[in-house]
file start-v8.cif (mmCIF, C-alpha atoms and all ligand atoms)
data_start
#
loop_
_atom_site.label_atom_id
_atom_site.label_comp_id
_atom_site.auth_asym_id
_atom_site.auth_seq_id
_atom_site.Cartn_x
_atom_site.Cartn_y
_atom_site.Cartn_z
CA MET Q 1 -220.77 -158.65 58.58
CA LYS Q 2 -217.50 -160.54 58.75
CA LEU Q 3 -216.23 -161.33 62.20
CA ARG Q 4 -212.71 -162.34 63.03
CA PRO Q 5 -211.06 -162.98 66.38
CA VAL Q 6 -208.83 -160.18 67.63
CA GLN Q 7 -205.41 -161.29 68.80
CA ASP Q 8 -203.90 -159.67 71.85
CA PRO Q 9 -200.40 -158.29 71.11
CA GLY Q 10 -199.15 -160.75 73.72
CA ASP Q 11 -200.57 -163.76 71.87
CA PRO Q 12 -198.19 -165.75 69.67
CA PRO Q 13 -199.04 -165.89 65.96
CA TYR Q 14 -200.97 -169.04 64.97
CA ASP Q 15 -198.14 -169.98 62.59
CA SER Q 16 -194.73 -169.57 64.26
CA PRO Q 17 -192.08 -170.85 61.80
CA GLY Q 18 -189.55 -171.61 64.57
CA TYR Q 19 -192.11 -174.00 66.12
CA ARG Q 20 -192.39 -176.24 63.09
CA SER Q 21 -195.63 -178.11 63.71
CA THR Q 22 -197.63 -174.87 63.88
CA GLU Q 23 -197.40 -174.83 60.07
CA LEU Q 24 -199.82 -177.77 60.05
CA ARG Q 25 -201.83 -176.69 63.09
CA ALA Q 26 -202.39 -173.02 62.25
CA PRO Q 27 -205.86 -172.39 60.86
CA LYS Q 28 -205.85 -171.40 57.16
CA ARG Q 29 -209.34 -170.04 57.64
CA LEU Q 30 -211.43 -169.32 60.71
CA TYR Q 31 -215.07 -170.38 60.84
CA LEU Q 32 -217.52 -168.75 63.19
CA LEU Q 33 -219.75 -170.77 65.42
CA PRO Q 34 -223.48 -170.15 65.02
CA GLU Q 35 -224.58 -167.18 67.09
CA GLU Q 36 -226.44 -169.26 69.66
CA LEU Q 37 -223.12 -170.94 70.51
CA HIS Q 38 -221.13 -167.73 70.95
CA ASP Q 39 -221.54 -167.47 74.65
CA PRO Q 40 -222.72 -170.72 76.16
CA THR Q 41 -221.91 -170.98 79.81
CA GLY Q 42 -219.04 -173.30 80.63
CA PRO Q 43 -219.38 -176.73 82.17
CA VAL Q 44 -220.40 -176.71 85.81
CA PHE Q 45 -218.83 -179.16 88.21
CA GLY Q 46 -220.06 -180.08 91.62
CA ALA Q 47 -217.94 -181.08 94.59
CA ALA Q 48 -218.71 -184.72 93.86
CA ASP Q 49 -217.26 -184.55 90.32
CA VAL Q 50 -213.70 -183.72 91.33
CA ASP Q 51 -212.00 -185.69 94.09
CA PRO Q 52 -209.76 -183.56 96.35
CA ALA Q 53 -207.06 -186.22 95.89
CA ASP Q 54 -206.99 -185.39 92.16
CA SER Q 55 -204.92 -182.29 92.97
CA ASP Q 56 -202.11 -184.26 94.65
CA LEU Q 57 -200.19 -185.84 91.78
CA THR Q 58 -197.81 -187.49 94.26
CA SER Q 59 -200.59 -189.56 95.84
CA HIS Q 60 -202.00 -191.48 92.88
CA HIS Q 61 -199.91 -194.64 93.30
CA GLU Q 62 -198.66 -196.83 96.10
CA GLY Q 63 -195.31 -195.09 96.52
CA GLU Q 64 -194.17 -191.52 96.17
CA PRO Q 65 -192.74 -190.37 92.84
CA LEU Q 66 -189.05 -189.54 92.54
CA GLY Q 67 -187.99 -185.93 92.14
CA GLU Q 68 -188.33 -182.60 93.85
CA ARG Q 69 -191.76 -182.30 95.51
CA ILE Q 70 -193.35 -178.91 94.81
CA ILE Q 71 -196.58 -177.03 95.46
CA VAL Q 72 -198.04 -174.95 92.63
CA GLY Q 73 -200.79 -172.51 93.52
CA GLY Q 74 -202.36 -169.32 92.33
CA ARG Q 75 -205.60 -167.64 91.40
CA VAL Q 76 -207.82 -167.71 88.32
CA LEU Q 77 -209.08 -164.21 87.56
CA ASP Q 78 -211.03 -162.48 84.82
CA SER Q 79 -209.59 -159.51 82.95
CA GLY Q 80 -211.21 -157.18 85.51
CA GLY Q 81 -209.22 -158.84 88.31
CA ARG Q 82 -212.27 -160.60 89.72
CA PRO Q 83 -211.73 -164.17 90.96
CA ILE Q 84 -213.35 -166.99 89.01
CA PRO Q 85 -214.66 -169.44 91.63
CA HIS Q 86 -215.45 -173.15 91.21
CA THR Q 87 -213.87 -173.45 87.78
CA LEU Q 88 -211.99 -176.53 86.60
CA VAL Q 89 -208.18 -176.36 86.41
CA GLU Q 90 -206.43 -179.35 84.81
CA VAL Q 91 -202.68 -179.98 84.61
CA TRP Q 92 -200.45 -182.52 82.89
CA GLN Q 93 -196.68 -182.82 82.88
CA ALA Q 94 -193.58 -184.97 82.42
CA ASN Q 95 -192.04 -186.73 85.41
CA ALA Q 96 -188.89 -185.51 87.17
CA ALA Q 97 -186.74 -187.21 84.54
CA GLY Q 98 -188.50 -185.45 81.66
CA ARG Q 99 -190.63 -188.38 80.46
CA TYR Q 100 -194.41 -188.42 79.92
CA ALA Q 101 -196.37 -191.50 80.89
CA HIS Q 102 -197.69 -191.66 77.35
CA GLU Q 103 -197.13 -194.21 74.61
CA VAL Q 104 -195.88 -191.69 72.05
CA ASP Q 105 -193.13 -190.40 74.35
CA ARG Q 106 -189.98 -192.26 73.26
CA HIS Q 107 -187.45 -190.28 75.32
CA SER Q 108 -184.93 -192.69 76.87
CA ALA Q 109 -185.41 -191.19 80.36
CA PRO Q 110 -187.05 -193.58 82.85
CA LEU Q 111 -190.76 -193.79 83.52
CA ASP Q 112 -191.76 -193.51 87.17
CA PRO Q 113 -194.25 -196.20 88.29
CA ASN Q 114 -195.44 -193.79 90.97
CA PHE Q 115 -196.19 -190.86 88.70
CA THR Q 116 -198.81 -190.45 85.99
CA GLY Q 117 -198.54 -186.67 85.70
CA ALA Q 118 -202.18 -185.59 85.43
CA GLY Q 119 -204.26 -183.73 87.98
CA ARG Q 120 -207.24 -181.44 88.37
CA CYS Q 121 -209.03 -179.31 90.91
CA LEU Q 122 -211.72 -176.67 91.25
CA THR Q 123 -210.90 -173.12 92.28
CA ASP Q 124 -212.34 -172.12 95.65
CA ALA Q 125 -214.69 -169.19 96.29
CA GLU Q 126 -211.75 -166.72 95.90
CA GLY Q 127 -210.47 -168.31 92.68
CA ASN Q 128 -207.56 -170.13 94.36
CA TYR Q 129 -206.21 -173.44 93.09
CA ARG Q 130 -203.40 -175.63 94.49
CA PHE Q 131 -201.53 -178.71 93.27
CA VAL Q 132 -198.91 -180.91 94.89
CA THR Q 133 -196.60 -182.52 92.34
CA VAL Q 134 -192.92 -183.01 91.44
CA LYS Q 135 -190.89 -180.58 89.40
CA PRO Q 136 -190.93 -181.82 85.80
CA GLY Q 137 -187.66 -182.40 83.96
CA ALA Q 138 -186.62 -180.83 80.67
CA TYR Q 139 -187.07 -183.15 77.67
CA PRO Q 140 -185.79 -183.32 74.10
CA TRP Q 141 -188.08 -182.93 71.11
CA LYS Q 142 -187.46 -183.18 67.42
CA ASN Q 143 -188.27 -179.63 66.35
CA HIS Q 144 -184.65 -178.88 65.39
CA ALA Q 145 -181.13 -180.15 66.16
CA ASN Q 146 -180.52 -180.51 69.92
CA ALA Q 147 -183.97 -179.12 70.80
CA TRP Q 148 -185.01 -179.30 74.48
CA ARG Q 149 -188.16 -177.99 76.14
CA PRO Q 150 -187.71 -175.96 79.34
CA ALA Q 151 -189.39 -177.61 82.34
CA HIS Q 152 -193.10 -176.82 82.16
CA ILE Q 153 -196.55 -177.80 83.37
CA HIS Q 154 -199.47 -177.77 80.93
CA PHE Q 155 -202.62 -176.04 82.17
CA SER Q 156 -206.21 -176.09 80.92
CA VAL Q 157 -208.63 -173.70 82.58
CA PHE Q 158 -212.35 -173.47 81.99
CA GLY Q 159 -213.76 -170.07 82.80
CA ARG Q 160 -217.37 -168.99 83.02
CA ALA Q 161 -218.05 -169.65 79.34
CA PHE Q 162 -216.60 -171.92 76.65
CA ALA Q 163 -215.09 -168.87 74.93
CA ASP Q 164 -212.99 -168.28 78.09
CA ARG Q 165 -211.19 -171.61 77.97
CA LEU Q 166 -207.41 -171.30 78.07
CA VAL Q 167 -204.77 -173.95 77.43
CA THR Q 168 -201.28 -172.77 78.32
CA GLN Q 169 -197.95 -173.75 79.85
CA MET Q 170 -196.33 -172.68 83.12
CA TYR Q 171 -192.55 -172.39 83.35
CA PHE Q 172 -190.08 -172.15 86.24
CA PRO Q 173 -187.94 -169.10 87.02
CA GLY Q 174 -184.43 -168.86 85.60
CA ASP Q 175 -184.57 -171.77 83.16
CA PRO Q 176 -181.51 -171.68 80.84
CA LEU Q 177 -183.57 -173.17 78.00
CA PHE Q 178 -185.93 -170.17 77.58
CA ALA Q 179 -183.68 -168.51 74.99
CA HIS Q 180 -183.57 -171.70 72.91
CA ASP Q 181 -187.23 -172.72 73.00
CA PRO Q 182 -189.31 -171.75 69.94
CA ILE Q 183 -192.58 -172.38 71.82
CA PHE Q 184 -191.66 -169.97 74.62
CA GLN Q 185 -190.17 -167.54 72.07
CA SER Q 186 -193.28 -167.67 69.85
CA VAL Q 187 -194.71 -165.20 72.38
CA ARG Q 188 -192.90 -162.15 71.03
CA ASP Q 189 -193.68 -159.60 73.74
CA PRO Q 190 -191.07 -160.08 76.52
CA LYS Q 191 -193.59 -158.93 79.15
CA ALA Q 192 -196.10 -161.53 77.96
CA ARG Q 193 -193.35 -164.20 78.11
CA GLU Q 194 -192.65 -163.20 81.72
CA ARG Q 195 -196.28 -163.90 82.56
CA LEU Q 196 -195.76 -167.55 81.59
CA ILE Q 197 -193.11 -167.98 84.29
CA SER Q 198 -194.21 -168.90 87.80
CA SER Q 199 -192.57 -167.20 90.74
CA PHE Q 200 -190.94 -168.92 93.66
CA ASP Q 201 -193.02 -168.15 96.75
CA LEU Q 202 -191.91 -168.65 100.33
CA GLU Q 203 -195.49 -168.38 101.58
CA THR Q 204 -196.57 -171.30 99.42
CA THR Q 205 -193.44 -173.21 100.43
CA GLU Q 206 -194.01 -175.64 103.31
CA PRO Q 207 -191.14 -176.03 105.80
CA GLU Q 208 -189.33 -179.37 105.69
CA TRP Q 209 -191.62 -180.53 102.91
CA ALA Q 210 -191.87 -178.75 99.53
CA LEU Q 211 -190.97 -175.57 97.63
CA GLY Q 212 -193.88 -173.45 96.48
CA TYR Q 213 -194.49 -171.65 93.20
CA ARG Q 214 -197.23 -169.18 92.31
CA PHE Q 215 -198.87 -168.85 88.92
CA ASP Q 216 -201.91 -166.60 88.53
CA ILE Q 217 -204.03 -167.04 85.43
CA VAL Q 218 -206.14 -164.31 83.83
CA LEU Q 219 -208.88 -165.39 81.43
CA ARG Q 220 -210.19 -163.14 78.71
CA THR Q 221 -213.08 -164.02 76.44
CA THR Q 222 -211.89 -164.07 72.81
CA PRO Q 223 -213.10 -160.75 71.39
CA PHE Q 224 -214.34 -160.46 67.80
CA GLU Q 225 -214.33 -157.48 65.51
FE FE Q 301 -194.99 -180.72 77.43
#

call {"tool": "encode", "arguments": {"input": "start-v8.cif", "output": "C-alpha cells"}}
result
Amino acid sequence: MKLRPVQDPGDPPYDSPGYRSTELRAPKRLYLLPEELHDPTGPVFGAADVDPADSDLTSHHEGEPLGERIIVGGRVLDSGGRPIPHTLVEVWQANAAGRYAHEVDRHSAPLDPNFTGAGRCLTDAEGNYRFVTVKPGAYPWKNHANAWRPAHIHFSVFGRAFADRLVTQMYFPGDPLFAHDPIFQSVRDPKARERLISSFDLETTEPEWALGYRFDIVLRTTPFE
C-alpha cells in the first residue's frame, strides 16, 4: 500500500513559484518513516527544563530593547478544540528595526544589543501560552525586486506527538505588505490566511505598559491516505 500525506485545502503547496526558494525546498518525493516511528509521543519537558524568564524576550539583557513592547498570548488546541497542556512553544523574530541577531542577516537596519529575539515557554494546564516581546519590524528580502516581509513572529509548537509539530508564522492585523508577500500569499484560501493574523486584544493589553495580541494555534496530526 502506498501512503501519501493529505494536504489540507488551507495548506500552501510545497512548491510556490512566487516564493522562489520553495523550488529547492519542496520535496520531489516523499519517504515514509518506518511504522514504529509513525506516532511516537512528543518530547516531554518538565518545569525545570524551561525557565519562566525564557518567555520574556525583553528581559534577556541588561537593558530593555527598543521598540513597541507587546504581549502575545493564546491557546494551543487540537483539532477537536481540546487544549494541549505542557507543550513547548518556541518563537523567534527580528528586532523592532527589522533585523535578526543572526550572522546571515545583512539588512542595514541596526542590531539591538538588548534583543536576541528568541523565546520559549510551556503551555499551562488549559493550553495557554504568553510571551512578552517587542513588535518586530518589516524587513527586505531578495525574493524579487523591492520585496519586504510583513512583520511576523516565527512559531514552533510541539504537540502530543512528533507528527503534530507545527512551524508557522504569526502576523499583525492590517499590515499593508500582506498583498505583496509571496509567503503569506502562498496560502491560497483567504480564510486560512486570516488564521495566520493575530488579533489585537484589549484583555491581553496591560494598562500603561504593553499592547496585547492573541494568536490561537490548532494542531492537526498529518493524515495519510
Ligand atoms: Fe522571518

call {"tool": "atom_distance", "arguments": {"input": "start-v8.cif", "atom1": "CA of Val134 (chain Q)", "atom2": "CA of Thr58 (chain Q)"}}
result
7.2 Å

call {"tool": "residues_near_point", "arguments": {"input": "start-v8.cif", "point": "(-195.4, -181.1, 100.6)", "cutoff": "8 Å", "atoms": "only C-alpha atoms", "output": "list in words"}}
result
Arg69, Ile70, Ile71, Val132, Glu206, Trp209, Ala210 and Leu211 of chain Q

call {"tool": "residues_around", "arguments": {"input": "start-v8.cif", "residues": "Leu111 (chain Q)", "least_positions_apart": "6", "cutoff": "10 Å", "atoms": "only C-alpha atoms", "output": "PyMOL selection string"}}
result
chain Q and resi 94-102

call {"tool": "atom_distance", "arguments": {"input": "start-v8.cif", "atom1": "CA of Tyr31 (chain Q)", "atom2": "CA of Gln7 (chain Q)"}}
result
15.5 Å

call {"tool": "closest_residue", "arguments": {"input": "start-v8.cif", "among": "Q:Gly74, Q:Pro182, Q:Pro190, Q:Gly137", "to": "ligand FE 301 (chain Q)", "atoms": "all atoms listed in the file"}}
result
Q:Gly137

call {"tool": "residues_around", "arguments": {"input": "start-v8.cif", "residues": "region 183-189 of chain Q", "least_positions_apart": "2", "cutoff": "6 Å", "atoms": "all atoms listed in the file", "output": "list in words"}}
result
Gly10, Pro12, Tyr19, Asp181, Lys191, Ala192 and Arg193 of chain Q

call {"tool": "write_last_selection", "arguments": {"input": "start-v8.cif", "atoms": "C-alpha atoms", "output": "PDB file, in the coordinates of the input"}}
result
ATOM      1  CA  GLY Q  10    -199.150-160.750  73.720  1.00  0.00           C
ATOM      2  CA  PRO Q  12    -198.190-165.750  69.670  1.00  0.00           C
ATOM      3  CA  TYR Q  19    -192.110-174.000  66.120  1.00  0.00           C
ATOM      4  CA  ASP Q 181    -187.230-172.720  73.000  1.00  0.00           C
ATOM      5  CA  LYS Q 191    -193.590-158.930  79.150  1.00  0.00           C
ATOM      6  CA  ALA Q 192    -196.100-161.530  77.960  1.00  0.00           C
ATOM      7  CA  ARG Q 193    -193.350-164.200  78.110  1.00  0.00           C
TER       8      ARG Q 193
END
